[in-house]
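So this one's work-v1.cif, mmCIF, C-alpha atoms:
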data_coords
loop_
_atom_site.label_atom_id
_atom_site.label_comp_id
_atom_site.auth_asym_id
_atom_site.auth_seq_id
_atom_site.Cartn_x
_atom_site.Cartn_y
_atom_site.Cartn_z
CA MET A 1313 23.00 -7.87 8.02
CA PRO A 1314 22.87 -6.74 4.37
CA SER A 1315 26.05 -5.03 3.19
CA LEU A 1316 26.19 -1.36 2.28
CA SER A 1317 26.84 -2.27 -1.35
CA TYR A 1318 23.68 -4.37 -1.41
CA LEU A 1319 21.60 -1.54 0.05
CA ALA A 1320 23.20 0.98 -2.32
CA ALA A 1321 22.39 -1.20 -5.33
CA ARG A 1322 18.76 -1.49 -4.25
CA LEU A 1323 18.53 2.27 -3.69
CA LEU A 1324 19.97 2.98 -7.14
CA GLN A 1325 17.25 0.81 -8.66
CA ILE A 1326 14.65 3.22 -7.30
CA ILE A 1327 16.01 6.15 -9.34
CA PRO A 1328 14.95 4.95 -12.85
CA THR A 1329 11.63 3.83 -11.43
CA PHE A 1330 11.05 7.28 -9.97
CA LEU A 1331 11.97 8.98 -13.26
CA LEU A 1332 9.62 6.76 -15.27
CA VAL A 1333 6.84 7.49 -12.79
CA MET A 1334 7.44 11.21 -13.23
CA VAL A 1335 7.11 10.92 -17.02
CA PHE A 1336 3.99 8.78 -16.71
CA ILE A 1337 2.36 11.16 -14.21
CA PHE A 1338 3.13 14.24 -16.27
CA LEU A 1339 1.60 12.80 -19.44
CA LEU A 1340 -1.35 11.07 -17.79
CA VAL A 1341 -2.48 14.12 -15.82
CA ARG A 1342 -2.50 16.25 -18.95
CA MET A 1343 -4.68 13.69 -20.72
CA LEU A 1344 -7.45 14.17 -18.17
CA PRO A 1345 -10.51 16.01 -19.54
CA GLY A 1346 -11.15 19.53 -18.37
CA ASP A 1347 -9.07 22.68 -17.93
CA PRO A 1348 -7.54 23.30 -14.48
CA ALA A 1349 -7.41 27.03 -15.19
CA ILE A 1350 -11.18 27.11 -15.61
CA ALA A 1351 -11.63 24.97 -12.48
CA MET A 1352 -9.41 27.35 -10.53
CA ALA A 1353 -11.08 30.50 -11.80
CA GLU A 1354 -14.15 31.99 -10.20
CA ALA A 1355 -17.57 31.59 -11.82
CA LYS A 1356 -17.57 35.16 -13.19
CA ALA A 1357 -13.96 35.11 -14.38
CA THR A 1358 -13.29 36.56 -17.82
CA ASP A 1359 -11.35 34.85 -20.58
CA ALA A 1360 -8.40 37.11 -19.84
CA GLN A 1361 -8.38 36.06 -16.19
CA VAL A 1362 -8.55 32.39 -17.15
CA GLU A 1363 -5.66 32.88 -19.55
CA GLN A 1364 -3.66 34.61 -16.81
CA ILE A 1365 -4.21 31.64 -14.50
CA ARG A 1366 -3.10 29.31 -17.30
CA ARG A 1367 0.11 31.34 -17.68
CA ASN A 1368 0.71 31.27 -13.93
CA LEU A 1369 0.41 27.48 -13.96
CA GLY A 1370 2.74 27.27 -16.94
CA LEU A 1371 0.12 25.49 -19.05
CA ASP A 1372 0.69 27.86 -21.97
CA GLN A 1373 4.23 26.51 -22.43
CA PRO A 1374 5.14 23.56 -24.72
CA LEU A 1375 4.99 20.14 -23.06
CA PRO A 1376 8.80 19.65 -22.99
CA VAL A 1377 9.21 22.97 -21.18
CA GLN A 1378 6.42 22.08 -18.74
CA PHE A 1379 8.07 18.73 -18.05
CA MET A 1380 11.51 20.23 -17.38
CA VAL A 1381 9.95 22.73 -14.97
CA PHE A 1382 8.03 19.88 -13.32
CA VAL A 1383 11.21 17.80 -12.86
CA LYS A 1384 13.21 20.76 -11.57
CA ASN A 1385 10.56 21.77 -9.05
CA THR A 1386 9.98 18.19 -7.89
CA LEU A 1387 13.68 17.51 -7.28
CA SER A 1388 13.90 20.75 -5.30
CA GLY A 1389 10.93 19.70 -3.15
CA ASP A 1390 8.47 22.14 -4.68
CA LEU A 1391 5.35 20.17 -5.68
CA GLY A 1392 3.39 23.30 -6.52
CA ARG A 1393 0.25 24.73 -5.01
CA SER A 1394 -3.04 22.86 -4.81
CA ILE A 1395 -5.81 24.41 -6.86
CA MET A 1396 -8.69 23.27 -4.68
CA MET A 1397 -6.96 23.53 -1.28
CA LYS A 1398 -5.27 26.89 -1.94
CA ALA A 1399 -2.19 25.60 -0.13
CA PRO A 1400 1.21 24.05 -0.97
CA VAL A 1401 0.81 20.48 -2.19
CA SER A 1402 3.48 19.18 0.19
CA GLU A 1403 1.61 20.60 3.19
CA VAL A 1404 -1.70 19.13 2.04
CA ILE A 1405 -0.19 15.68 1.52
CA LEU A 1406 1.69 15.70 4.82
CA SER A 1407 -1.52 16.54 6.67
CA ARG A 1408 -3.25 13.44 5.25
CA LEU A 1409 -0.35 10.99 4.89
CA PRO A 1410 -0.13 9.79 8.53
CA THR A 1411 -3.73 8.58 8.37
CA THR A 1412 -3.09 6.40 5.33
CA ILE A 1413 0.16 5.01 6.75
CA PHE A 1414 -1.56 4.19 10.04
CA LEU A 1415 -4.42 2.46 8.22
CA SER A 1416 -2.03 0.44 6.03
CA LEU A 1417 0.10 -0.73 8.96
CA TYR A 1418 -3.02 -1.52 10.99
CA ALA A 1419 -4.46 -3.64 8.17
CA ILE A 1420 -1.20 -5.52 7.60
CA ALA A 1421 -0.81 -6.20 11.34
CA LEU A 1422 -4.32 -7.67 11.48
CA ALA A 1423 -3.68 -9.71 8.32
CA VAL A 1424 -0.48 -11.21 9.74
CA LEU A 1425 -2.12 -11.97 13.10
CA LEU A 1426 -4.98 -13.72 11.28
CA ALA A 1427 -3.01 -15.51 8.58
CA GLY A 1428 0.12 -16.61 10.45
CA PRO A 1429 -1.35 -18.96 13.08
CA LEU A 1430 -4.08 -20.30 10.79
CA ALA A 1431 -1.66 -21.02 7.93
CA PHE A 1432 0.60 -22.85 10.36
CA LEU A 1433 -2.34 -24.86 11.72
CA ALA A 1434 -3.52 -25.72 8.21
CA ALA A 1435 -0.04 -26.88 7.20
CA MET A 1436 0.39 -29.02 10.31
CA ARG A 1437 -2.98 -30.68 9.63
CA ALA A 1438 -2.84 -30.73 5.84
CA ASN A 1439 -5.73 -32.41 4.04
CA THR A 1440 -7.74 -32.80 7.23
CA THR A 1441 -11.09 -31.24 8.09
CA THR A 1442 -9.32 -28.39 9.87
CA ASP A 1443 -7.27 -27.62 6.77
CA VAL A 1444 -10.30 -27.73 4.49
CA VAL A 1445 -12.33 -25.43 6.76
CA ILE A 1446 -9.54 -22.85 7.05
CA ARG A 1447 -8.94 -22.77 3.31
CA GLY A 1448 -12.68 -22.63 2.61
CA VAL A 1449 -13.29 -19.69 4.93
CA PHE A 1450 -10.43 -17.66 3.51
CA GLN A 1451 -11.43 -18.56 -0.02
CA VAL A 1452 -14.70 -16.73 0.62
CA GLY A 1453 -12.75 -13.67 1.72
CA LEU A 1454 -10.55 -13.88 -1.37
CA SER A 1455 -13.55 -14.05 -3.70
CA MET A 1456 -15.10 -10.81 -2.43
CA PRO A 1457 -13.72 -7.35 -3.28
CA VAL A 1458 -12.48 -5.18 -0.44
CA PHE A 1459 -15.18 -2.54 -0.84
CA TYR A 1460 -17.92 -5.19 -0.56
CA ILE A 1461 -16.39 -6.61 2.63
CA GLY A 1462 -16.19 -3.07 3.96
CA LEU A 1463 -19.83 -2.35 3.18
CA VAL A 1464 -20.93 -5.58 4.92
CA LEU A 1465 -18.88 -4.76 8.03
CA LEU A 1466 -20.11 -1.18 7.95
CA THR A 1467 -23.76 -2.24 7.72
CA VAL A 1468 -23.64 -4.97 10.38
CA LEU A 1469 -21.06 -3.85 12.95
CA ALA A 1470 -21.44 -0.07 12.64
CA ALA A 1471 -24.96 0.76 11.46
CA GLN A 1472 -26.89 -2.09 13.12
CA LEU A 1473 -24.88 -3.19 16.17
CA ARG A 1474 -23.20 0.22 16.67
CA TRP A 1475 -19.97 -1.38 17.90
CA PHE A 1476 -17.83 0.88 15.74
CA PRO A 1477 -18.24 4.35 14.21
CA VAL A 1478 -19.35 4.54 10.59
CA GLY A 1479 -16.41 6.75 9.62
CA GLY A 1480 -13.80 9.21 10.76
CA TYR A 1481 -10.32 8.85 12.18
CA GLY A 1482 -10.27 9.63 15.90
CA THR A 1483 -8.15 12.03 17.92
CA THR A 1484 -6.08 9.68 20.12
CA PHE A 1485 -4.18 6.45 19.46
CA LEU A 1486 -6.93 4.31 20.97
CA GLY A 1487 -9.50 6.39 19.12
CA ASN A 1488 -7.65 5.77 15.88
CA LEU A 1489 -7.63 2.03 16.54
CA HIS A 1490 -11.36 2.11 17.24
CA HIS A 1491 -12.34 4.25 14.25
CA LEU A 1492 -10.12 2.40 11.78
CA MET A 1493 -10.95 -1.13 12.96
CA LEU A 1494 -13.55 -1.82 10.27
CA PRO A 1495 -11.60 -0.45 7.27
CA ALA A 1496 -8.44 -2.18 8.47
CA LEU A 1497 -10.33 -5.43 9.03
CA SER A 1498 -11.96 -5.33 5.60
CA VAL A 1499 -8.54 -5.01 3.97
CA ALA A 1500 -6.98 -7.55 6.35
CA LEU A 1501 -9.57 -10.23 5.55
CA TYR A 1502 -8.76 -10.01 1.86
CA THR A 1503 -4.98 -9.80 2.36
CA SER A 1504 -4.86 -12.60 4.94
CA ALA A 1505 -6.65 -14.93 2.50
CA ILE A 1506 -3.76 -14.50 0.05
CA ILE A 1507 -1.13 -14.95 2.77
CA VAL A 1508 -2.77 -18.10 4.17
CA ARG A 1509 -2.71 -19.86 0.81
CA ASN A 1510 0.91 -18.95 0.11
CA LEU A 1511 2.30 -19.62 3.59
CA ARG A 1512 0.46 -22.93 3.93
CA ALA A 1513 1.85 -24.17 0.61
CA SER A 1514 5.38 -23.02 1.52
CA LEU A 1515 5.24 -24.69 4.94
CA ILE A 1516 4.06 -27.99 3.48
CA GLU A 1517 6.80 -27.91 0.84
CA VAL A 1518 9.55 -27.14 3.36
CA LEU A 1519 8.32 -29.70 5.89
CA ASP A 1520 8.86 -32.43 3.28
CA ALA A 1521 12.31 -31.19 2.26
CA ASP A 1522 15.34 -33.45 2.73
CA TYR A 1523 17.25 -31.00 4.92
CA VAL A 1524 14.33 -30.83 7.37
CA GLN A 1525 14.18 -34.63 7.55
CA PHE A 1526 17.95 -34.67 8.11
CA ALA A 1527 17.65 -32.10 10.90
CA ARG A 1528 15.07 -34.27 12.62
CA ALA A 1529 17.28 -37.35 12.19
CA LYS A 1530 20.13 -35.54 13.96
CA GLY A 1531 17.92 -35.30 17.03
CA LEU A 1532 17.19 -31.58 16.95
CA THR A 1533 14.17 -30.53 18.97
CA PRO A 1534 10.96 -29.73 17.06
CA ARG A 1535 11.23 -26.08 18.14
CA ILE A 1536 14.72 -25.70 16.65
CA VAL A 1537 13.72 -27.51 13.46
CA MET A 1538 10.69 -25.29 13.07
CA THR A 1539 12.37 -21.95 13.78
CA ARG A 1540 15.76 -22.47 12.11
CA HIS A 1541 14.86 -24.63 9.16
CA VAL A 1542 11.14 -24.57 8.39
CA LEU A 1543 9.91 -21.03 9.12
CA ARG A 1544 13.08 -19.30 7.90
CA ASN A 1545 12.81 -20.90 4.46
CA ALA A 1546 9.02 -20.88 4.18
CA LEU A 1547 8.80 -17.17 4.91
CA VAL A 1548 10.92 -16.07 1.93
CA SER A 1549 8.13 -16.29 -0.65
CA THR A 1550 5.55 -15.09 1.86
CA VAL A 1551 7.58 -11.96 2.60
CA THR A 1552 7.66 -11.21 -1.13
CA LEU A 1553 3.90 -11.60 -1.33
CA LEU A 1554 3.42 -9.50 1.79
CA GLY A 1555 5.55 -6.72 0.31
CA LEU A 1556 3.45 -6.73 -2.85
CA SER A 1557 0.29 -6.67 -0.72
CA ILE A 1558 1.51 -3.68 1.27
CA GLY A 1559 2.44 -1.86 -1.93
CA ASN A 1560 -0.95 -2.52 -3.47
CA LEU A 1561 -2.66 -1.58 -0.22
CA MET A 1562 -0.91 1.78 0.15
CA SER A 1563 -1.56 2.72 -3.46
CA GLY A 1564 -5.10 1.35 -3.42
CA THR A 1565 -6.50 3.09 -0.35
CA LEU A 1566 -8.79 5.23 -2.51
CA VAL A 1567 -11.73 2.82 -2.31
CA THR A 1568 -11.33 1.95 1.37
CA GLU A 1569 -10.97 5.55 2.53
CA THR A 1570 -13.91 6.63 0.39
CA VAL A 1571 -16.24 3.92 1.74
CA PHE A 1572 -15.38 4.73 5.37
CA ALA A 1573 -14.96 8.52 4.94
CA ILE A 1574 -11.36 8.45 6.15
CA PRO A 1575 -9.37 11.66 5.60
CA GLY A 1576 -6.33 10.02 4.02
CA VAL A 1577 -4.36 10.53 0.83
CA GLY A 1578 -6.42 7.92 -1.02
CA ARG A 1579 -9.62 9.90 -0.60
CA LEU A 1580 -7.68 13.08 -1.30
CA MET A 1581 -6.62 11.64 -4.65
CA LEU A 1582 -10.25 11.09 -5.64
CA GLU A 1583 -11.12 14.67 -4.67
CA ALA A 1584 -8.15 15.98 -6.64
CA ILE A 1585 -9.15 14.06 -9.76
CA PHE A 1586 -12.70 15.44 -9.67
CA ALA A 1587 -11.32 18.95 -9.16
CA ARG A 1588 -8.78 18.59 -12.02
CA ASP A 1589 -6.10 19.62 -9.53
CA TYR A 1590 -2.97 18.90 -11.61
CA PRO A 1591 -0.36 19.79 -8.97
CA LEU A 1592 -2.08 17.76 -6.24
CA ILE A 1593 -2.61 14.72 -8.50
CA GLN A 1594 1.06 14.79 -9.49
CA GLY A 1595 2.21 15.17 -5.89
CA LEU A 1596 -0.01 12.37 -4.62
CA THR A 1597 1.05 9.95 -7.36
CA LEU A 1598 4.70 10.65 -6.65
CA THR A 1599 4.04 10.10 -2.97
CA PHE A 1600 2.46 6.71 -3.67
CA ALA A 1601 5.41 5.79 -5.91
CA VAL A 1602 7.91 6.67 -3.18
CA MET A 1603 5.99 4.74 -0.52
CA VAL A 1604 5.71 1.63 -2.70
CA SER A 1605 9.41 1.83 -3.58
CA VAL A 1606 10.35 2.05 0.10
CA VAL A 1607 8.15 -0.97 0.88
CA PHE A 1608 9.80 -3.00 -1.88
CA LEU A 1609 13.24 -1.96 -0.59
CA LEU A 1610 12.37 -3.10 2.93
CA THR A 1611 11.03 -6.35 1.45
CA ASP A 1612 14.36 -6.99 -0.27
CA VAL A 1613 16.22 -6.32 2.98
CA VAL A 1614 14.05 -8.74 4.96
CA GLN A 1615 14.42 -11.39 2.24
CA SER A 1616 18.19 -11.03 2.33
CA LEU A 1617 18.12 -11.56 6.10
CA LEU A 1618 16.10 -14.75 5.69
CA ASP A 1619 18.13 -16.04 2.73
CA PRO A 1620 21.67 -14.61 2.49
CA ARG A 1621 22.05 -16.08 -1.02
CA LEU A 1622 19.79 -13.32 -2.34
CA ARG A 1623 22.47 -10.71 -1.52
CA LYS A 1624 24.61 -12.14 -4.32
CA SER A 1625 21.88 -11.93 -6.94
#
Please render this file's structure as structure tokens.
Amino acid sequence: MPSLSYLAARLLQIIPTFLLVMVFIFLLVRMLPGDPAIAMAEAKATDAQVEQIRRNLGLDQPLPVQFMVFVKNTLSGDLGRSIMMKAPVSEVILSRLPTTIFLSLYAIALAVLLAGPLAFLAAMRANTTTDVVIRGVFQVGLSMPVFYIGLVLLTVLAAQLRWFPVGGYGTTFLGNLHHLMLPALSVALYTSAIIVRNLRASLIEVLDADYVQFARAKGLTPRIVMTRHVLRNALVSTVTLLGLSIGNLMSGTLVTETVFAIPGVGRLMLEAIFARDYPLIQGLTLTFAVMVSVVFLLTDVVQSLLDPRLRKS
């Protein structure tokens, strides 16, 4: 198991990342066109009322003062109040966050189930017809954007065949699995194409390594050689790639949730941008940053379990 010092060092690396994200969010949000005070005010609001709203939001203060207030409130857990939802930002995000997490985990599970066995089969039969077919099929998935795959699945499997609903989330666990099958599959097809290529190449490289040949010469069974020597070493780079894929997936759910009308934080981000909802945009971006940082931390931990040498780096 990774030592406490190793975990502490990885956790400390998140702090500067989080601070840089806060600076970037603060500046980027204020570069967006439009005035949130006007968006928040009613249609018949006077200039004085708009100015009062601007003072309540703190937008009349200099940028350094606004930033210090933003940092102080964020560290205390106060993300402000959503302009369009008329509710605390933390409550709005928490109401949508489970949907996005469920969708992300669902998509990654499907990607691993698709990519793992096929990558192994392609590596065992490298440069054969089976290998060429597997790589060719996944190359098609890699060449198409996720939203296009989603639209094809939505048109064929939902609109025409009516096997799946065209959108929504469901109310039970099985209902969630059913409603989110198409969006999860559209993401999984793209992600599994990346994993297949990487895992296949890693398996072929490790299978030809000297220590694997030596293990076979000692008379170890194929199962022991495969589990202790081949898979353990081949999975190191694939775990890194999988962690990056999960991070990109969780922060890139905007398109997927919009195409399939899923009430997650990705779609909420799009709504917040159109509404010029500064507090909600800031809270959502910070949420994505924290989720991605946690995924990268877990990736480092899994890598250190597979290769203990990484704990010394």
Practice problem: Could you give me, as a list in words, the residues within 10 Å of Arg1322 in chain A, counting all atoms listed in the file and dropping anything in the same chain fewer than 4 positions from it? | Solution: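 That gives Leu1316, Ser1317, Tyr1318, Ile1326, Ile1327, Ser1605, Phe1608, Leu1609, Leu1610, Asp1612 and Val1613 of chain A.
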Self-check item: Exercise: Leu1501 in chain A partners within 12 Å, all atoms listed in the file, chain neighbours under 3 positions left out, as a VMD selection string
Solution: chain A and resid 1419 to 1427 1449 to 1462 1465 1493 to 1498 1504 to 1508
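Going from CA of Ala1500 in chain A to CA of Leu1543 in chain A covers 21.8 Å.
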Exercise. Figure out the distance between CA of Val1607 in chain A and CA of Arg1512 in chain A, please, to one decimal in Å.
Key: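 For CA of Arg1512 in chain A relative to CA of Val1607 in chain A, the distance reads 23.5 Å.
Distances from A:Leu1323, A:Ile1574, A:Ile1350, A:Ile1585 to Asn1488 in chain A were compared using all atoms listed in the file, and the smallest one belongs to A:Ile1574.
The shortest atom-to-atom distance to Met1538 in chain A, with all atoms listed in the file taken into account, belongs to A:Val1518 out of A:Val1518, A:Leu1463, A:Ala1471, A:Ile1337.
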Exercise. Starting from the displayed file, determine the output of the PyMOL selection byres ((chain A and resi 1553) around 10) and express the residue list as a PyMOL selection string.
Key: chain A and resi 1503+1506-1507+1510-1511+1547-1552+1554-1559+1611
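Here CA of Gln1472 in chain A stands at a distance of 28.3 Å from CA of Leu1582 in chain A.
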Practice problem: Could you tell me which residues the PyMOL selection byres ((chain A and resi 1577) around 6) returns for this structure, as number ranges by chain? | Solution: A: 1408-1409, 1576, 1578-1580
Quiz item: Looking at A:Ser1407, A:Ser1616, A:Thr1533, A:Asn1545, which one is nearest to Ala1521 in chain A, with distances taken over all atoms listed in the file?
Solution: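 Of all the options, A:Asn1545 lies closest to Ala1521 in chain A.
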Exercise. Starting from the displayed file, determine the output of the PyMOL selection byres ((chain A and resi 1475) around 12) and express the residue list as a PyMOL selection string.
Key: chain A and resi 1465-1474+1476-1478+1490-1491+1493-1494
Quiz prompt | Among listed residues A:Ala1573, A:Leu1324, A:Thr1441, A:Phe1379, nearest Val1341 in chain A (using all atoms listed in the file) | solution =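 Closest to Val1341 in chain A, using all atoms listed in the file: A:Phe1379.
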Practice problem: Give me the residues within 9 Å of range 1386-1393 of chain A as a ChimeraX atom specification, counting all atoms listed in the file and dropping any in the same chain fewer than 3 places off. | Solution: /A:1381-1383,1397-1402,1591-1592,1594-1595
Quiz item: Given the choices A:Ala1513, A:Gly1482, A:Gly1370, A:Val1404, which gets closest to Ala1438 in chain A if the distance is worked out from all atoms listed in the file?
Solution: A:Ala1513
Exercise. Determine the nearest neighbour of Leu1369 in chain A from the options A:Leu1331, A:Ala1349, A:Met1581, A:Leu1519, counting only C-alpha atoms.
Key: A:Ala1349
